[in-house]
Amino acid sequence: MELIDSHCHLTFDELRENLDETLERSRAQGISTWVTIGTDESQSREAVALAQKVDRMYATVGLHPHEAKDWSSDLLAQMEQWTRLEKVVALGEMGLDFYYDFSPRAQQEQAFSEQLALAARLNMPVVVHTRDAFDETMGILKAYDGQLNQVVLHCFTGTAEQVKVALECGFYISFSGVVTFKNAHSVREAAMCVPMDRLMIETDCPYLAPAPMRKQRVNEPALLIHTARFLAHLKQMDLEDLARQTRENTCMFYQLPA
Ligand SMILES: [Zn+2]
Ligand SMILES: [Zn+2]
């Protein structure tokens with residue numbers, strides 16, 4: 001059985017130091033393909049470099065809403081350069097985070113919108129981060145209706161109502177360890193609404209270690225197996241089937257070699 005970690009941050013300090021051992025533990029659990037996600041210029045650069053080095057490691061490049069204050073036309077041009085490399089498979093993560101508001105909302109909206117315009121022009125898939133800003137996020141995405149290749153709402157923490165709106169737009173939905181958390185009833189309701197051909201799974205590590213490993217300080221790709229098991233149980237299906245289907249969806253979304 002094989003799983004793909006469709007969204008992780010292997011270039012973050014918590015993971016980069018012992019990365020070889022971390023990837024070995026991951027492979028031992030059947031997780032030997034990873035998409036490491038860029039969040040700003042330096043993280044995107046490192047993600048690209050890591051993908052060049054490691055077999056079955058892929059990268060995305062983008063500016064996280066937390067860092068939207070750093071948005072510039074130089075970064076836009078740099079992102080376009082990176083997308084010419086073979087193992088750079090999507091733009092993002094990008095989007096809106098009105099929970100933390102680490103960057104002014106107007107700048108978050110501008111950075112998101114201009115990254116979407118680039119994705120439309122380059123016909124690249126888009127990894128979207130949205131927190132406490134679902135309607136605003138969908139509003140900006142609607143402006144690019146029909147122009148975008150594929151969209152995933154990653155680490156989905158919204159409601160069943162919201163997931164239905166996103167599915168109507170043809171988006172993929174990705175769940176992290178949050179779906180396993182004791183109080184995450186509404187996230188589980190949302191997961192129940194996602195048809196198997198739209199579902200992806202991720203760790204979003206180093207954050208959000210899934211139950212029963214929540215005490216582990218640093219999440220890592222090996223722990224994806226817990227989220228996969230949990231979702232298979234929730235959807236009353238075999239783990240192998242969930243693994244195969246989410247793997248196919250992830251390969252389709254990022255256009256990874258099968
Ligand atoms: Zn995110
Ligand atoms: Zn992330």
# chains A, B, ... in the order shown; residues from 1 in each chain; ligands from 1
>>> residues_near_ligand(ligand="ligand 1", cutoff="9 Å", atoms="only C-alpha atoms and all ligand atoms", output="ChimeraX atom specification")
/A:7,39,64-65,93-95,97,127-131,153-155,204
>>> residues_around(residues="segment 52-55 of chain A", least_positions_apart="4", cutoff="12 Å", atoms="only C-alpha atoms", output="PyMOL selection string")
chain A and resi 10+19-20+23+27+32-36+45-48+59+82+85-88+257
>>> atom_distance(atom1="atom CA of Ser6 of chain A", atom2="atom CA of Ala119 of chain A")
18.5 Å
>>> residues_around(residues="Leu118 of chain A", least_positions_apart="6", cutoff="9 Å", atoms="only C-alpha atoms", output="list in words")
Leu76, Met79, Glu80, Leu91 and Met124 of chain A
>>> write_last_selection(atoms="C-alpha atoms", output="compact mmCIF listing (two decimals), in the first residue's frame")
# COMPACT_ATOMS: atom_id res chain seq x y z
CA LEU A 76 6.09 36.92 -9.30
CA MET A 79 7.92 32.12 -9.39
CA GLU A 80 7.44 31.98 -13.14
CA LEU A 91 1.65 27.34 -7.46
CA MET A 124 -0.68 25.42 -13.38
>>> residues_around(residues="segment 223-238 of chain A", least_positions_apart="5", cutoff="9 Å", atoms="only C-alpha atoms", output="list of chain:residue names")
A:Leu3, A:Ile4, A:Asp5, A:Ser26, A:Gln29, A:Gly30, A:Ile31, A:Phe175, A:Ser176, A:Gly177, A:Val178, A:Val179, A:Thr180, A:Arg188, A:Ala191, A:Met192, A:Ile201, A:Glu202, A:Thr203, A:Ala209, A:Pro210, A:Ala211, A:Pro212, A:Met213, A:Ala243
>>> select_by_dssp(residues="segment 161-219 of chain A", states="helix (DSSP H, G or I)", output="list in words")
Glu161, Gln162, Val163, Lys164, Val165, Ala166, Leu167, Glu168, Gly177, Val178, Val179, Thr180, His185, Ser186, Val187, Arg188, Glu189, Ala190, Ala191, Met192, Cys193, Met196, Asp197 and Arg198 of chain A
>>> residues_around(residues="Tyr144 of chain A", least_positions_apart="5", cutoff="9 Å", atoms="only C-alpha atoms", output="NGL selection string")
:A and (113 or 116-117 or 120)
>>> write_last_selection(atoms="C-alpha atoms", output="CSV table (one decimal), in the first residue's frame")
chain,number,residue,atom,x,y,z
A,113,SER,CA,-5.3,37.4,-6.9
A,116,LEU,CA,-4.0,33.2,-9.4
A,117,ALA,CA,-3.6,35.3,-12.5
A,120,ALA,CA,-4.2,31.0,-15.1
>>> decode(residues="segment 11-162 of chain A", atoms="C-alpha atoms", output="mmCIF file, in the first residue's frame")
data_model
loop_
_atom_site.group_PDB
_atom_site.id
_atom_site.type_symbol
_atom_site.label_atom_id
_atom_site.label_comp_id
_atom_site.auth_asym_id
_atom_site.auth_seq_id
_atom_site.Cartn_x
_atom_site.Cartn_y
_atom_site.Cartn_z
ATOM 1 C CA THR A 11 12.113 22.700 4.342
ATOM 2 C CA PHE A 12 10.941 24.121 7.672
ATOM 3 C CA ASP A 13 13.547 24.141 10.460
ATOM 4 C CA GLU A 14 11.726 21.452 12.487
ATOM 5 C CA LEU A 15 12.128 18.910 9.658
ATOM 6 C CA ARG A 16 15.126 19.840 7.540
ATOM 7 C CA GLU A 17 17.744 18.868 10.122
ATOM 8 C CA ASN A 18 17.079 15.133 10.251
ATOM 9 C CA LEU A 19 15.384 14.894 6.910
ATOM 10 C CA ASP A 20 17.075 11.674 5.752
ATOM 11 C CA GLU A 21 15.834 9.773 8.807
ATOM 12 C CA THR A 22 12.406 11.417 8.504
ATOM 13 C CA LEU A 23 12.081 10.278 4.890
ATOM 14 C CA GLU A 24 13.222 6.770 5.840
ATOM 15 C CA ARG A 25 10.488 6.539 8.519
ATOM 16 C CA SER A 26 8.030 7.809 5.905
ATOM 17 C CA ARG A 27 9.053 5.189 3.332
ATOM 18 C CA ALA A 28 8.733 2.482 5.991
ATOM 19 C CA GLN A 29 5.033 3.430 6.286
ATOM 20 C CA GLY A 30 4.514 3.306 2.504
ATOM 21 C CA ILE A 31 4.723 7.064 2.000
ATOM 22 C CA SER A 32 7.495 7.581 -0.548
ATOM 23 C CA THR A 33 6.144 10.476 -2.631
ATOM 24 C CA TRP A 34 5.949 13.985 -1.192
ATOM 25 C CA VAL A 35 4.900 17.427 -2.356
ATOM 26 C CA THR A 36 6.804 20.000 -0.310
ATOM 27 C CA ILE A 37 5.069 23.345 -0.343
ATOM 28 C CA GLY A 38 6.596 26.814 -0.691
ATOM 29 C CA THR A 39 5.329 29.595 1.566
ATOM 30 C CA ASP A 40 7.645 32.510 0.741
ATOM 31 C CA GLU A 41 10.628 33.228 -1.468
ATOM 32 C CA SER A 42 13.304 31.431 0.567
ATOM 33 C CA GLN A 43 11.092 28.419 1.411
ATOM 34 C CA SER A 44 10.067 28.111 -2.227
ATOM 35 C CA ARG A 45 13.707 28.232 -3.297
ATOM 36 C CA GLU A 46 14.599 25.489 -0.807
ATOM 37 C CA ALA A 47 11.585 23.402 -1.818
ATOM 38 C CA VAL A 48 12.700 23.578 -5.442
ATOM 39 C CA ALA A 49 16.265 22.579 -4.483
ATOM 40 C CA LEU A 50 15.023 19.642 -2.387
ATOM 41 C CA ALA A 51 12.857 18.371 -5.237
ATOM 42 C CA GLN A 52 15.865 18.439 -7.541
ATOM 43 C CA LYS A 53 17.802 16.281 -5.055
ATOM 44 C CA VAL A 54 15.328 13.666 -3.817
ATOM 45 C CA ASP A 55 13.653 11.013 -5.936
ATOM 46 C CA ARG A 56 9.822 11.296 -5.951
ATOM 47 C CA MET A 57 9.971 14.652 -4.160
ATOM 48 C CA TYR A 58 8.023 17.450 -5.840
ATOM 49 C CA ALA A 59 7.750 21.156 -4.993
ATOM 50 C CA THR A 60 5.340 24.047 -5.242
ATOM 51 C CA VAL A 61 6.238 27.739 -5.176
ATOM 52 C CA GLY A 62 4.097 30.498 -3.744
ATOM 53 C CA LEU A 63 3.470 33.117 -1.114
ATOM 54 C CA HIS A 64 1.396 32.157 1.935
ATOM 55 C CA PRO A 65 -1.179 34.749 3.085
ATOM 56 C CA HIS A 66 0.808 35.152 6.312
ATOM 57 C CA GLU A 67 3.675 36.517 4.194
ATOM 58 C CA ALA A 68 1.550 38.566 1.803
ATOM 59 C CA LYS A 69 3.212 41.750 3.019
ATOM 60 C CA ASP A 70 6.287 40.550 1.078
ATOM 61 C CA TRP A 71 4.462 40.311 -2.256
ATOM 62 C CA SER A 72 6.355 41.906 -5.153
ATOM 63 C CA SER A 73 6.588 41.785 -8.929
ATOM 64 C CA ASP A 74 10.126 40.388 -8.486
ATOM 65 C CA LEU A 75 8.732 37.396 -6.620
ATOM 66 C CA LEU A 76 6.090 36.917 -9.304
ATOM 67 C CA ALA A 77 8.827 36.831 -11.957
ATOM 68 C CA GLN A 78 10.897 34.424 -9.835
ATOM 69 C CA MET A 79 7.915 32.119 -9.388
ATOM 70 C CA GLU A 80 7.438 31.983 -13.137
ATOM 71 C CA GLN A 81 11.121 31.071 -13.572
ATOM 72 C CA TRP A 82 10.818 28.218 -11.086
ATOM 73 C CA THR A 83 7.775 26.767 -12.806
ATOM 74 C CA ARG A 84 9.956 25.967 -15.823
ATOM 75 C CA LEU A 85 11.702 23.272 -13.747
ATOM 76 C CA GLU A 86 10.273 19.815 -14.201
ATOM 77 C CA LYS A 87 9.583 18.962 -10.555
ATOM 78 C CA VAL A 88 7.792 22.211 -9.740
ATOM 79 C CA VAL A 89 4.212 20.993 -9.994
ATOM 80 C CA ALA A 90 1.910 23.791 -8.754
ATOM 81 C CA LEU A 91 1.648 27.338 -7.459
ATOM 82 C CA GLY A 92 0.917 27.940 -3.788
ATOM 83 C CA GLU A 93 0.262 27.836 -1.101
ATOM 84 C CA MET A 94 -1.656 31.047 -1.522
ATOM 85 C CA GLY A 95 -4.962 32.356 -0.216
ATOM 86 C CA LEU A 96 -6.452 34.237 2.710
ATOM 87 C CA ASP A 97 -6.010 33.803 6.451
ATOM 88 C CA PHE A 98 -8.256 36.155 8.413
ATOM 89 C CA TYR A 99 -7.787 34.115 11.597
ATOM 90 C CA TYR A 100 -4.217 35.207 12.243
ATOM 91 C CA ASP A 101 -4.205 38.331 10.046
ATOM 92 C CA PHE A 102 -0.385 38.271 9.946
ATOM 93 C CA SER A 103 -0.542 40.444 6.804
ATOM 94 C CA PRO A 104 -3.058 43.223 6.074
ATOM 95 C CA ARG A 105 -6.156 41.824 4.375
ATOM 96 C CA ALA A 106 -5.845 44.082 1.335
ATOM 97 C CA GLN A 107 -2.336 42.739 0.738
ATOM 98 C CA GLN A 108 -3.474 39.154 1.232
ATOM 99 C CA GLU A 109 -6.142 39.704 -1.422
ATOM 100 C CA GLN A 110 -3.734 41.306 -3.843
ATOM 101 C CA ALA A 111 -1.062 38.596 -3.479
ATOM 102 C CA PHE A 112 -3.699 35.866 -3.854
ATOM 103 C CA SER A 113 -5.306 37.441 -6.891
ATOM 104 C CA GLU A 114 -2.035 38.089 -8.711
ATOM 105 C CA GLN A 115 -0.770 34.555 -8.016
ATOM 106 C CA LEU A 116 -4.044 33.205 -9.427
ATOM 107 C CA ALA A 117 -3.561 35.318 -12.537
ATOM 108 C CA LEU A 118 -0.100 33.774 -12.961
ATOM 109 C CA ALA A 119 -1.514 30.269 -12.450
ATOM 110 C CA ALA A 120 -4.157 30.962 -15.094
ATOM 111 C CA ARG A 121 -1.560 32.258 -17.548
ATOM 112 C CA LEU A 122 0.770 29.282 -16.962
ATOM 113 C CA ASN A 123 -2.080 26.747 -16.691
ATOM 114 C CA MET A 124 -0.684 25.425 -13.375
ATOM 115 C CA PRO A 125 -2.651 23.810 -10.514
ATOM 116 C CA VAL A 126 -3.227 25.971 -7.432
ATOM 117 C CA VAL A 127 -2.857 25.074 -3.733
ATOM 118 C CA VAL A 128 -5.182 27.280 -1.671
ATOM 119 C CA HIS A 129 -4.980 28.035 2.054
ATOM 120 C CA THR A 130 -8.123 29.541 3.559
ATOM 121 C CA ARG A 131 -8.923 30.165 7.211
ATOM 122 C CA ASP A 132 -11.812 32.244 8.537
ATOM 123 C CA ALA A 133 -12.141 33.679 5.041
ATOM 124 C CA PHE A 134 -14.122 31.121 3.065
ATOM 125 C CA ASP A 135 -16.522 33.504 1.301
ATOM 126 C CA GLU A 136 -13.782 35.991 0.492
ATOM 127 C CA THR A 137 -11.550 33.190 -0.835
ATOM 128 C CA MET A 138 -14.306 31.822 -3.041
ATOM 129 C CA GLY A 139 -15.092 35.345 -4.240
ATOM 130 C CA ILE A 140 -11.551 35.852 -5.516
ATOM 131 C CA LEU A 141 -11.440 32.363 -7.051
ATOM 132 C CA LYS A 142 -14.730 33.063 -8.877
ATOM 133 C CA ALA A 143 -13.057 35.948 -10.695
ATOM 134 C CA TYR A 144 -10.856 33.287 -12.384
ATOM 135 C CA ASP A 145 -13.724 30.904 -13.107
ATOM 136 C CA GLY A 146 -12.954 28.780 -16.154
ATOM 137 C CA GLN A 147 -9.346 30.019 -16.348
ATOM 138 C CA LEU A 148 -7.721 27.832 -13.700
ATOM 139 C CA ASN A 149 -6.237 24.390 -14.284
ATOM 140 C CA GLN A 150 -7.113 22.699 -10.940
ATOM 141 C CA VAL A 151 -7.675 24.012 -7.418
ATOM 142 C CA VAL A 152 -7.257 22.236 -4.071
ATOM 143 C CA LEU A 153 -8.460 23.658 -0.780
ATOM 144 C CA HIS A 154 -5.766 22.242 1.476
ATOM 145 C CA CYS A 155 -6.074 21.365 5.193
ATOM 146 C CA PHE A 156 -9.821 21.797 4.905
ATOM 147 C CA THR A 157 -11.356 22.912 8.218
ATOM 148 C CA GLY A 158 -14.661 24.321 6.965
ATOM 149 C CA THR A 159 -18.204 23.004 7.174
ATOM 150 C CA ALA A 160 -20.257 20.589 5.100
ATOM 151 C CA GLU A 161 -22.074 23.567 3.548
ATOM 152 C CA GLN A 162 -18.791 25.129 2.511
#
